[in-house]
Structure formats: structure tokens, C-alpha cells
$ cat protein-v4.txt   # compact mmCIF, C-alpha atoms
# COMPACT_ATOMS: atom_id res chain seq x y z
CA MET A 1 29.19 -32.39 18.86
CA SER A 2 27.98 -34.65 21.69
CA GLY A 3 24.93 -36.89 21.32
CA HIS A 4 23.04 -34.77 23.84
CA HIS A 5 23.70 -31.56 21.88
CA ARG A 6 22.88 -33.29 18.61
CA SER A 7 19.56 -34.58 19.90
CA ALA A 8 18.71 -31.13 21.34
CA ALA A 9 19.51 -29.55 17.94
CA SER A 10 17.40 -32.21 16.19
CA ARG A 11 14.48 -31.62 18.53
CA ALA A 12 14.76 -27.86 17.94
CA ARG A 13 14.78 -28.39 14.17
CA ILE A 14 11.72 -30.68 14.37
CA LEU A 15 9.90 -28.05 16.46
CA VAL A 16 10.79 -25.28 13.98
CA ARG A 17 9.55 -27.41 11.08
CA ARG A 18 6.29 -28.07 12.90
CA VAL A 19 5.83 -24.36 13.62
CA HIS A 20 6.52 -23.61 9.95
CA LEU A 21 4.00 -26.27 8.86
CA TRP A 22 1.28 -25.05 11.25
CA LEU A 23 1.79 -21.42 10.26
CA GLY A 24 1.84 -22.35 6.57
CA LEU A 25 -1.38 -24.39 6.77
CA SER A 26 -3.20 -21.75 8.83
CA LEU A 27 -1.92 -18.60 7.09
CA GLY A 28 -0.95 -19.85 3.64
CA LEU A 29 -4.28 -19.11 1.95
CA LEU A 30 -4.47 -15.59 3.43
CA PHE A 31 -0.83 -14.98 2.40
CA ALA A 32 -1.66 -16.11 -1.14
CA VAL A 33 -4.76 -13.86 -1.33
CA LEU A 34 -2.82 -10.84 -0.06
CA GLY A 35 0.00 -11.57 -2.51
CA LEU A 36 -2.26 -11.92 -5.55
CA THR A 37 -4.35 -8.84 -4.71
CA GLY A 38 -1.11 -6.94 -4.04
CA SER A 39 0.13 -7.87 -7.53
CA ALA A 40 -3.08 -6.53 -9.09
CA LEU A 41 -2.81 -3.28 -7.11
CA VAL A 42 0.76 -2.40 -8.18
CA PHE A 43 -0.73 -0.91 -11.37
CA TYR A 44 -4.23 -0.33 -10.03
CA THR A 45 -4.74 3.21 -11.37
CA GLY A 46 -3.55 2.14 -14.83
CA ILE A 47 -5.74 -0.99 -14.84
CA ASP A 48 -8.73 1.04 -13.66
CA ALA A 49 -8.17 3.62 -16.41
CA ALA A 50 -7.96 0.81 -19.00
CA LEU A 51 -11.26 -0.61 -17.71
CA HIS A 52 -12.86 2.87 -17.82
CA PRO A 53 -11.48 4.65 -20.92
CA VAL A 54 -13.41 7.81 -20.04
CA VAL A 55 -10.81 8.60 -17.34
CA GLU A 56 -7.70 8.00 -19.49
CA PRO A 57 -5.75 11.17 -20.37
CA GLY A 58 -5.87 12.16 -24.01
CA ARG A 59 -2.56 12.57 -25.78
CA SER A 60 -3.27 16.15 -26.76
CA GLU A 61 -4.46 17.19 -23.30
CA ARG A 62 -1.97 19.04 -21.13
CA SER A 63 -2.12 19.21 -17.37
CA PRO A 64 -3.87 22.42 -16.31
CA ASP A 65 -1.70 25.12 -14.78
CA LEU A 66 -2.01 25.54 -11.02
CA ALA A 67 -3.31 29.07 -11.61
CA SER A 68 -6.02 27.76 -13.96
CA PRO A 69 -9.72 28.23 -13.09
CA VAL A 70 -10.18 24.49 -13.82
CA TRP A 71 -9.62 23.48 -10.17
CA ASP A 72 -12.25 25.75 -8.65
CA ARG A 73 -14.61 24.96 -11.52
CA ALA A 74 -14.31 21.25 -10.72
CA LEU A 75 -15.02 21.89 -7.03
CA ALA A 76 -18.11 23.94 -7.97
CA ALA A 77 -19.32 21.12 -10.24
CA GLY A 78 -18.87 18.62 -7.42
CA ARG A 79 -20.72 20.78 -4.89
CA ALA A 80 -23.54 21.27 -7.38
CA ARG A 81 -23.92 17.46 -7.62
CA TRP A 82 -23.70 16.80 -3.86
CA HIS A 83 -25.41 19.54 -1.85
CA ASP A 84 -23.47 18.84 1.33
CA SER A 85 -21.69 21.93 2.61
CA ALA A 86 -20.14 19.96 5.48
CA GLY A 87 -18.70 17.30 3.16
CA LYS A 88 -14.95 17.25 2.49
CA TRP A 89 -13.34 17.23 -0.96
CA THR A 90 -9.89 15.99 -2.01
CA ILE A 91 -8.71 16.85 -5.51
CA GLU A 92 -5.67 15.18 -7.07
CA VAL A 93 -3.12 17.00 -9.23
CA THR A 94 -1.86 14.22 -11.49
CA GLY A 95 0.35 16.37 -13.72
CA ARG A 96 -0.75 14.24 -16.69
CA GLY A 97 -3.70 16.07 -18.15
CA GLY A 98 -7.00 14.37 -18.86
CA THR A 99 -9.69 13.87 -16.25
CA ILE A 100 -9.25 15.30 -12.76
CA PRO A 101 -9.62 12.62 -10.05
CA ALA A 102 -11.21 13.62 -6.76
CA ARG A 103 -12.76 12.13 -3.61
CA PHE A 104 -15.86 13.33 -1.82
CA TYR A 105 -16.31 12.46 1.86
CA PRO A 106 -19.95 13.11 2.84
CA SER A 107 -20.62 14.64 6.24
CA SER A 108 -22.89 11.68 7.06
CA GLY A 109 -19.92 9.27 6.82
CA HIS A 110 -18.42 7.59 9.85
CA GLY A 111 -14.83 8.59 9.17
CA HIS A 112 -13.95 5.26 7.56
CA HIS A 113 -11.74 4.89 4.50
CA ALA A 114 -14.76 3.43 2.68
CA ASP A 115 -17.10 6.37 3.27
CA ARG A 116 -16.20 8.22 0.12
CA MET A 117 -17.25 8.77 -3.46
CA MET A 118 -14.59 8.59 -6.15
CA VAL A 119 -15.20 11.31 -8.75
CA TRP A 120 -13.59 12.14 -12.09
CA PHE A 121 -14.12 15.60 -13.59
CA SER A 122 -13.76 16.47 -17.26
CA PRO A 123 -10.38 18.07 -18.17
CA ASP A 124 -11.94 21.54 -18.09
CA GLY A 125 -13.55 20.85 -14.68
CA SER A 126 -17.04 21.69 -15.89
CA ARG A 127 -18.71 18.29 -15.49
CA ILE A 128 -18.47 14.91 -13.80
CA VAL A 129 -17.63 12.08 -16.22
CA ARG A 130 -17.57 9.25 -13.66
CA ALA A 131 -18.60 8.82 -10.02
CA GLU A 132 -18.51 5.56 -8.07
CA PRO A 133 -18.45 4.71 -4.36
CA TRP A 134 -15.11 3.46 -3.01
CA GLY A 135 -15.36 -0.33 -2.94
CA GLY A 136 -18.08 -0.31 -5.60
CA TYR A 137 -15.83 -1.02 -8.60
CA LEU A 138 -13.27 -3.74 -9.22
CA MET A 139 -9.94 -2.11 -8.37
CA SER A 140 -11.24 -0.40 -5.23
CA TRP A 141 -12.87 -3.70 -4.15
CA LEU A 142 -9.50 -5.44 -4.56
CA TYR A 143 -7.87 -2.62 -2.59
CA GLN A 144 -10.31 -3.13 0.29
CA LEU A 145 -9.80 -6.89 0.14
CA HIS A 146 -6.01 -6.44 0.28
CA MET A 147 -6.01 -3.83 3.05
CA ALA A 148 -8.80 -5.10 5.29
CA LEU A 149 -10.40 -8.29 3.89
CA LEU A 150 -13.55 -6.22 3.17
CA ALA A 151 -14.07 -6.00 6.95
CA GLY A 152 -13.26 -2.38 7.84
CA ASP A 153 -11.06 -1.52 10.80
CA LEU A 154 -11.25 -5.03 12.28
CA GLY A 155 -10.15 -6.52 8.96
CA GLY A 156 -7.19 -4.14 8.88
CA GLN A 157 -6.15 -5.37 12.32
CA VAL A 158 -6.46 -9.00 11.17
CA VAL A 159 -4.31 -8.29 8.10
CA GLY A 160 -1.70 -6.45 10.20
CA TRP A 161 -1.32 -9.04 12.96
CA SER A 162 -1.47 -11.90 10.43
CA GLY A 163 1.42 -10.14 8.72
CA VAL A 164 3.43 -10.41 11.94
CA ALA A 165 2.74 -14.18 11.94
CA MET A 166 3.75 -14.29 8.26
CA LEU A 167 7.13 -12.79 9.18
CA LEU A 168 7.51 -15.66 11.67
CA LEU A 169 6.49 -18.07 8.89
CA LEU A 170 9.30 -16.73 6.68
CA VAL A 171 11.88 -16.83 9.47
CA SER A 172 10.87 -20.37 10.49
CA GLY A 173 11.19 -21.45 6.85
CA ILE A 174 14.80 -20.28 6.75
CA ALA A 175 15.53 -21.87 10.14
CA ALA A 176 13.97 -25.19 9.04
CA TRP A 177 16.04 -25.16 5.83
CA TRP A 178 19.36 -24.01 7.36
CA PRO A 179 21.92 -26.57 6.14
CA ARG A 180 23.92 -28.71 8.55
CA GLY A 181 26.23 -29.91 5.80
CA SER A 182 26.98 -28.80 2.25
CA TRP A 183 25.52 -25.43 1.23
CA ARG A 184 25.86 -26.46 -2.39
CA LYS A 185 23.51 -29.40 -1.81
CA ALA A 186 21.17 -27.25 0.22
CA ILE A 187 20.54 -24.82 -2.65
CA ALA A 188 20.47 -27.43 -5.44
CA PHE A 189 17.37 -28.40 -7.42
CA LYS A 190 17.47 -32.13 -8.09
CA ARG A 191 15.68 -32.52 -11.43
CA ASP A 192 16.02 -36.31 -11.52
CA ALA A 193 14.72 -36.82 -7.98
CA VAL A 194 11.34 -38.34 -7.13
CA PRO A 195 8.35 -35.94 -7.37
CA ILE A 196 8.11 -35.39 -3.60
CA ARG A 197 11.76 -34.29 -3.50
CA ARG A 198 11.27 -31.97 -6.50
CA LEU A 199 8.29 -30.38 -4.75
CA ARG A 200 10.39 -29.79 -1.65
CA ASP A 201 13.21 -28.29 -3.72
CA LEU A 202 10.80 -25.99 -5.59
CA HIS A 203 9.25 -24.83 -2.30
CA LYS A 204 12.66 -24.32 -0.72
CA LEU A 205 14.24 -22.42 -3.65
CA SER A 206 11.27 -20.18 -4.39
CA GLY A 207 11.27 -19.21 -0.71
CA LEU A 208 15.03 -18.70 -0.55
CA TRP A 209 15.39 -16.53 -3.63
CA SER A 210 12.45 -14.30 -2.71
CA MET A 211 13.01 -14.26 1.07
CA VAL A 212 14.53 -10.80 1.55
CA LEU A 213 12.06 -9.06 -0.79
CA LEU A 214 9.08 -10.93 0.67
CA PHE A 215 10.22 -9.94 4.15
CA VAL A 216 10.34 -6.27 3.09
CA LEU A 217 6.87 -6.48 1.48
CA VAL A 218 5.30 -8.17 4.51
CA ALA A 219 7.03 -5.94 7.10
CA THR A 220 6.02 -2.73 5.30
CA GLY A 221 2.49 -4.14 4.90
CA VAL A 222 2.32 -4.65 8.68
CA LEU A 223 3.38 -1.04 9.27
CA LEU A 224 0.73 0.23 6.83
CA ALA A 225 -2.02 -1.95 8.31
CA LEU A 226 -1.19 -1.12 11.95
CA PRO A 227 -0.64 2.66 12.14
CA ALA A 228 -0.70 2.63 15.97
CA VAL A 229 2.16 0.10 15.96
CA THR A 230 4.05 2.20 13.41
CA GLN A 231 3.56 5.28 15.59
CA ALA A 232 4.87 3.48 18.68
CA PHE A 233 7.72 1.72 16.89
CA LEU A 234 9.07 4.52 14.65
CA GLN A 235 7.69 7.58 16.47
CA PRO A 236 7.28 9.87 13.44
CA ALA A 237 6.64 13.55 14.11
CA THR A 238 3.00 14.44 14.72
CA ILE A 239 1.38 16.13 11.73
CA PRO A 240 -0.01 19.55 12.79
CA ALA A 241 -3.77 20.04 13.18
CA PRO A 242 -4.29 23.83 13.12
CA LYS A 243 -7.70 25.50 13.01
CA SER A 244 -8.97 28.15 10.62
CA SER A 245 -10.04 31.49 12.10
CA ASP A 246 -13.77 31.85 12.72
CA GLU A 247 -14.05 34.92 10.53
CA GLY A 248 -16.71 33.38 8.30
CA GLY A 249 -17.34 35.10 5.01
CA GLY A 250 -15.73 34.06 1.76
CA ARG A 251 -13.48 31.02 1.47
CA VAL A 252 -10.16 31.02 -0.35
CA SER A 253 -10.05 29.58 -3.84
CA ILE A 254 -8.02 26.45 -4.64
CA VAL A 255 -5.78 28.56 -6.86
CA ARG A 256 -5.03 30.90 -3.97
CA ALA A 257 -4.32 27.92 -1.69
CA PHE A 258 -1.90 26.51 -4.28
CA ALA A 259 -0.07 29.84 -4.44
CA ALA A 260 0.21 29.99 -0.62
CA ALA A 261 1.50 26.39 -0.50
CA TYR A 262 4.17 27.15 -3.09
CA ARG A 263 5.32 30.19 -1.17
CA ALA A 264 5.69 27.99 1.92
CA LEU A 265 7.45 25.10 0.09
CA PRO A 266 8.78 26.53 -3.18
CA ASP A 267 10.62 23.32 -4.14
CA GLY A 268 7.57 21.13 -3.54
CA ARG A 269 5.32 19.51 -6.17
CA ILE A 270 1.63 19.73 -5.34
CA VAL A 271 -0.16 16.36 -5.43
CA PHE A 272 -3.44 16.78 -3.49
CA VAL A 273 -5.54 19.53 -2.02
CA ASP A 274 -8.09 18.85 0.76
CA ILE A 275 -11.03 21.24 0.91
CA PRO A 276 -12.66 21.07 4.37
CA GLY A 277 -16.33 20.95 5.19
CA ALA A 278 -16.08 22.11 8.81
CA ASP A 279 -15.72 25.86 9.36
CA ASP A 280 -12.70 25.57 11.66
CA ALA A 281 -10.70 23.10 9.50
CA PRO A 282 -7.88 24.34 7.27
CA VAL A 283 -7.29 23.76 3.58
CA ARG A 284 -4.53 21.16 3.39
CA VAL A 285 -2.14 20.97 0.42
CA ARG A 286 -0.01 17.83 0.11
CA LEU A 287 3.34 18.13 -1.65
CA GLN A 288 6.31 16.03 -2.65
CA VAL A 289 9.60 17.68 -1.77
CA PRO A 290 13.05 16.56 -3.00
CA SER A 291 14.19 13.39 -1.14
CA ASP A 292 10.59 12.29 -0.39
CA PRO A 293 10.45 8.92 -2.20
CA HIS A 294 6.72 8.53 -2.88
CA ARG A 295 5.47 10.41 -5.91
CA ARG A 296 1.73 9.91 -5.35
CA PHE A 297 1.48 9.82 -1.54
CA PRO A 298 4.25 12.10 -0.23
CA GLY A 299 4.41 13.25 3.37
CA SER A 300 4.72 17.06 3.37
CA TYR A 301 1.76 19.36 4.00
CA VAL A 302 0.94 23.05 4.07
CA PHE A 303 -2.11 24.07 6.14
CA ILE A 304 -3.93 27.21 5.03
CA ASP A 305 -6.67 29.18 6.78
CA GLN A 306 -9.75 28.61 4.60
CA PHE A 307 -10.96 32.18 5.13
CA SER A 308 -7.88 34.42 5.24
CA GLY A 309 -5.58 32.31 3.03
CA ARG A 310 -2.83 32.61 5.65
CA VAL A 311 -0.41 29.70 6.09
CA LEU A 312 -1.14 28.18 9.51
CA ALA A 313 1.47 25.38 9.61
CA VAL A 314 4.00 23.54 7.46
CA HIS A 315 4.95 19.89 7.86
CA ASP A 316 8.14 19.27 5.86
CA VAL A 317 9.37 15.64 5.98
CA ARG A 318 12.96 16.85 5.61
CA HIS A 319 12.83 18.53 9.02
CA ALA A 320 10.58 16.07 10.86
CA GLY A 321 13.15 13.64 12.28
CA THR A 322 14.39 10.12 11.59
CA GLY A 323 11.10 8.35 12.38
CA THR A 324 9.26 10.41 9.78
CA ALA A 325 12.03 9.81 7.23
CA VAL A 326 11.74 6.04 7.76
CA VAL A 327 7.92 6.13 7.55
CA SER A 328 8.15 8.02 4.25
CA TRP A 329 9.84 4.94 2.74
CA VAL A 330 7.29 2.38 3.97
CA ARG A 331 4.65 2.80 1.26
CA THR A 332 7.10 3.14 -1.64
CA LEU A 333 8.85 -0.08 -0.56
CA HIS A 334 5.51 -1.86 -0.19
CA ASP A 335 3.97 -0.87 -3.53
CA GLY A 336 7.16 -1.28 -5.57
CA THR A 337 7.39 2.35 -6.70
CA VAL A 338 10.82 2.70 -5.03
CA GLY A 339 12.78 2.09 -8.25
CA GLY A 340 10.27 2.93 -10.96
CA LEU A 341 8.86 0.51 -13.55
CA ALA A 342 11.42 -2.28 -12.95
CA THR A 343 10.70 -2.60 -9.22
CA ARG A 344 6.95 -2.38 -9.82
CA ILE A 345 7.16 -5.33 -12.23
CA LEU A 346 9.28 -7.16 -9.63
CA ALA A 347 6.58 -6.45 -7.01
CA VAL A 348 3.94 -7.95 -9.34
CA LEU A 349 6.02 -11.14 -9.74
CA LEU A 350 6.69 -11.34 -5.99
CA GLY A 351 2.97 -11.27 -5.33
CA PHE A 352 2.68 -14.71 -6.98
CA VAL A 353 5.34 -16.30 -4.76
CA PRO A 354 3.08 -16.90 -1.70
CA THR A 355 0.68 -18.88 -3.95
CA LEU A 356 3.60 -20.93 -5.28
CA LEU A 357 4.85 -21.54 -1.72
CA LEU A 358 1.34 -22.54 -0.58
CA ALA A 359 0.81 -24.94 -3.49
CA THR A 360 4.22 -26.65 -3.24
CA GLY A 361 4.12 -26.74 0.56
CA VAL A 362 0.65 -28.28 0.78
CA LEU A 363 1.33 -30.80 -2.02
CA HIS A 364 4.59 -31.86 -0.34
CA TRP A 365 2.80 -32.25 3.02
CA LEU A 366 -0.03 -34.31 1.47
CA ARG A 367 2.43 -36.60 -0.36
CA ARG A 368 4.40 -37.16 2.84
CA ARG A 369 1.21 -37.99 4.73
CA ALA A 370 0.18 -40.43 1.99
CA ALA A 371 3.64 -42.04 2.05
CA HIS A 372 3.51 -42.46 5.85
CA ALA A 373 -0.01 -43.94 5.67
CA ILE A 374 1.15 -46.78 3.39

$ encode --input "protein-v4.txt" --output "C-alpha cells"
Amino acid sequence: MSGHHRSAASRARILVRRVHLWLGLSLGLLFAVLGLTGSALVFYTGIDAALHPVVEPGRSERSPDLASPVWDRALAAGRARWHDSAGKWTIEVTGRGGTIPARFYPSSGHGHHADRMMVWFSPDGSRIVRAEPWGGYLMSWLYQLHMALLAGDLGGQVVGWSGVAMLLLLVSGIAAWWPRGSWRKAIAFKRDAVPIRRLRDLHKLSGLWSMVLLFVLVATGVLLALPAVTQAFLQPATIPAPKSSDEGGGRVSIVRAFAAAYRALPDGRIVFVDIPGADDAPVRVRLQVPSDPHRRFPGSYVFIDQFSGRVLAVHDVRHAGTGTAVVSWVRTLHDGTVGGLATRILAVLLGFVPTLLLATGVLHWLRRRAAHAI
């Protein structure tokens, strides 16, 4: 290699290292906060249930049948508590027995994620055993911190675009490390070296061994935080938005809606049902079909006329194109549910890596500055 090429390569490496340092110093704390809150959220429903034993399923309690009156009884109990006929209800079918989780979106809300009341009904649906506003208890507060820095839509944008910069931080770290000589030396941890060298090795190796998984976590986080970008980039099929007939009169029961949804997608597993407040909105049943990877937030829906009980539209992820198929994997890759308990534990551990990278990176930088100042 000529001297000119060597000096150009050296200048490029110095520039990459500076970019990595600037990004690390400016984004490191945010990266650490998002990592630690992400770790806590991997098991957030379990942790929340442990903190509030009233919502934990009893061992003897079986999940109510989908033809059980429990579901409509729970909805009636909720409507009796909140006299808001235009408010929307979402009831979760956990399949585990115990309390029935639900969400109430008041009609006075502004359409934000935060404008909702989290509600837990007794196993027989007759009474409310817990009700708290979203963001008003620990795990939901952590969720809002992780998703939007407690700052609503603007915070979500900050998290998303910071995630793009974090991807650049990861790539620049690899580029700054890329060995010019022996690979064996480049991946070694020198235990007997001076402290500043050990810090550098710890920073380098923790980044290297976690790089691919961190990249997946950050990239999927960006796609979740920036839905408009996801829409433009992956172009998933548009979810239908049919209207109920304006017949008025009686509304279909939840049990009847479940039956209609099963007729439309007989191999689906019902996970949520949305009960509309507006007269022209449909009942929406959310199901997991075979090959949809996310157990709790699957992507298939059946829309049912809230007056006639007729199926208005079906959105089946299996027939919605490649973009939709890719999108269906984003959340399960991000929250670690992709491989069950083992990958969720791995996701918890990965959440601590940004803090380790921040601590070792900053300490190494401070020691170098102190050494140069002498």
C-alpha cells in the first residue's frame, strides 16, 4: 500500500473513531435508558402481576369458554362504571384464566396511546378488581418512557430517529475496530494489560459479541417507533376500515362476535376484541393464525357489523403480501418473544449491554484525556 493510500486510510479511521465518540457521548445515555427499560419490559405483564397479586390467575381458575356469558358481563360491568356510550372498549382473551384484562378509551380522549384506563375484571366478569390510568403505575410508566420518553408523539419521534443514529453508532464502532493486522489479536482480551487497555478491550468485546443482536433490537425499535417510516419502507397491506350499517337497534354480543370471527378464520386464536363507541364503527376481533409469530399482538383481524353481526372484512396476514409478513416479525424480534423463554431472557441481558458500553467507553475516553493532559 502506498504512503498516500495509507494516510488516506488512517485519516478515514480517525474520522470514523471521532464520529463513534461523538455519537457515543451524545446518545450513550439515551441508549442506556432505552436498553434498561427494554429489559424491564420483556416480562412486564408478569412483573406487573407480581406487584399486583389481585390480577394473578389462580391455579384452579380455567379460562372462560368463548361462548361464556363472562365476556358480555364484564363489558356491562365496565359500562356501569364509566357512563360513556361513545367510549371504546378492548377486552383481552388471555387463555390463562384469572382476571380479565381490558382497556377503556374514553370518548373525551385525544386519540393518544396514553388516553386509556387499564381495567381488570374478576374471573366471572361481574366486578372490577383493579383500574388504573395508562402511565399511572410503574410498568406502564416504564413502557411510556421506553416508547416515547414520557413525551407523547414527539417523544416517539425522538426515540425513533435517535434509533437511526444508534444504528450508525453500532456500525461506526465496528468500522473503528476493524483490524488491519491479526484478527486473533483484535478479538483478544489482555488481562495483564494496563487498566486503560482493559477498558478498551471490555468495550470492544462487549460490543462485538452483542453487535448483531443489538442491531436487530435497535432496527426493530426504529420500525415500531416510526410507523410512517415502516409503512413507506415495507409497504404492508392496508388494514380494512369498514363501517357498520346504520340500522341502530340492538348491538351484537361479544359471544356472537367471537362466533362470527371463528367462522371467518376457523384456524385463528382470538386474542382481543374491540367494542366500538361510534355507531358506524365495527366490532374488531384480533386473532393469531398459524405462521403469525406474535402470540399477544398478532396481525389478523375480522371486522363485524355491530348491529347485524355480519362479517364486513377479514385481514389475514397470510394473504396480505411480503411487507405485512415482514412487519409481523418486527415486534416479536424486538421484545424477545421470537423463541420463547430463552430468547426473552437473552433480550433482558442484551438490554444491559448499552449501559456497559457507555460506562466502558466514557471511562476509556476520560482516562485517555487525563493521560494526554499530563

$ closest_residue --input "protein-v4.txt" --among "A:Gly323, A:Gly28, A:Gly136, A:Gly98" --to "A:Pro236" --atoms "all atoms listed in the file"
A:Gly323

$ residues_around --input "protein-v4.txt" --residues "stretch 152-168 of chain A" --least-positions-apart "6" --cutoff "9 Å" --atoms "all atoms listed in the file" --output "PyMOL selection string"
chain A and resi 20+23-24+27-28+30-31+34+112-114+144-146+214-215+218-219+221-226

$ closest_residue --input "protein-v4.txt" --among "A:Val70, A:Ala50, A:Val317, A:Ala151" --to "A:Asp124" --atoms "all atoms listed in the file"
A:Val70

$ residues_around --input "protein-v4.txt" --residues "A:Gln306" --least-positions-apart "6" --cutoff "9 Å" --atoms "only C-alpha atoms" --output "PyMOL selection string"
chain A and resi 244-245+250-253+257+275-276+279-283

$ atom_distance --input "protein-v4.txt" --atom1 "atom CA of A:Gly277" --atom2 "atom CA of A:Leu149"
29.9 Å

$ closest_residue --input "protein-v4.txt" --among "A:Thr94, A:Thr360, A:Thr355, A:Ser182" --to "A:Phe297" --atoms "all atoms listed in the file"
A:Thr94
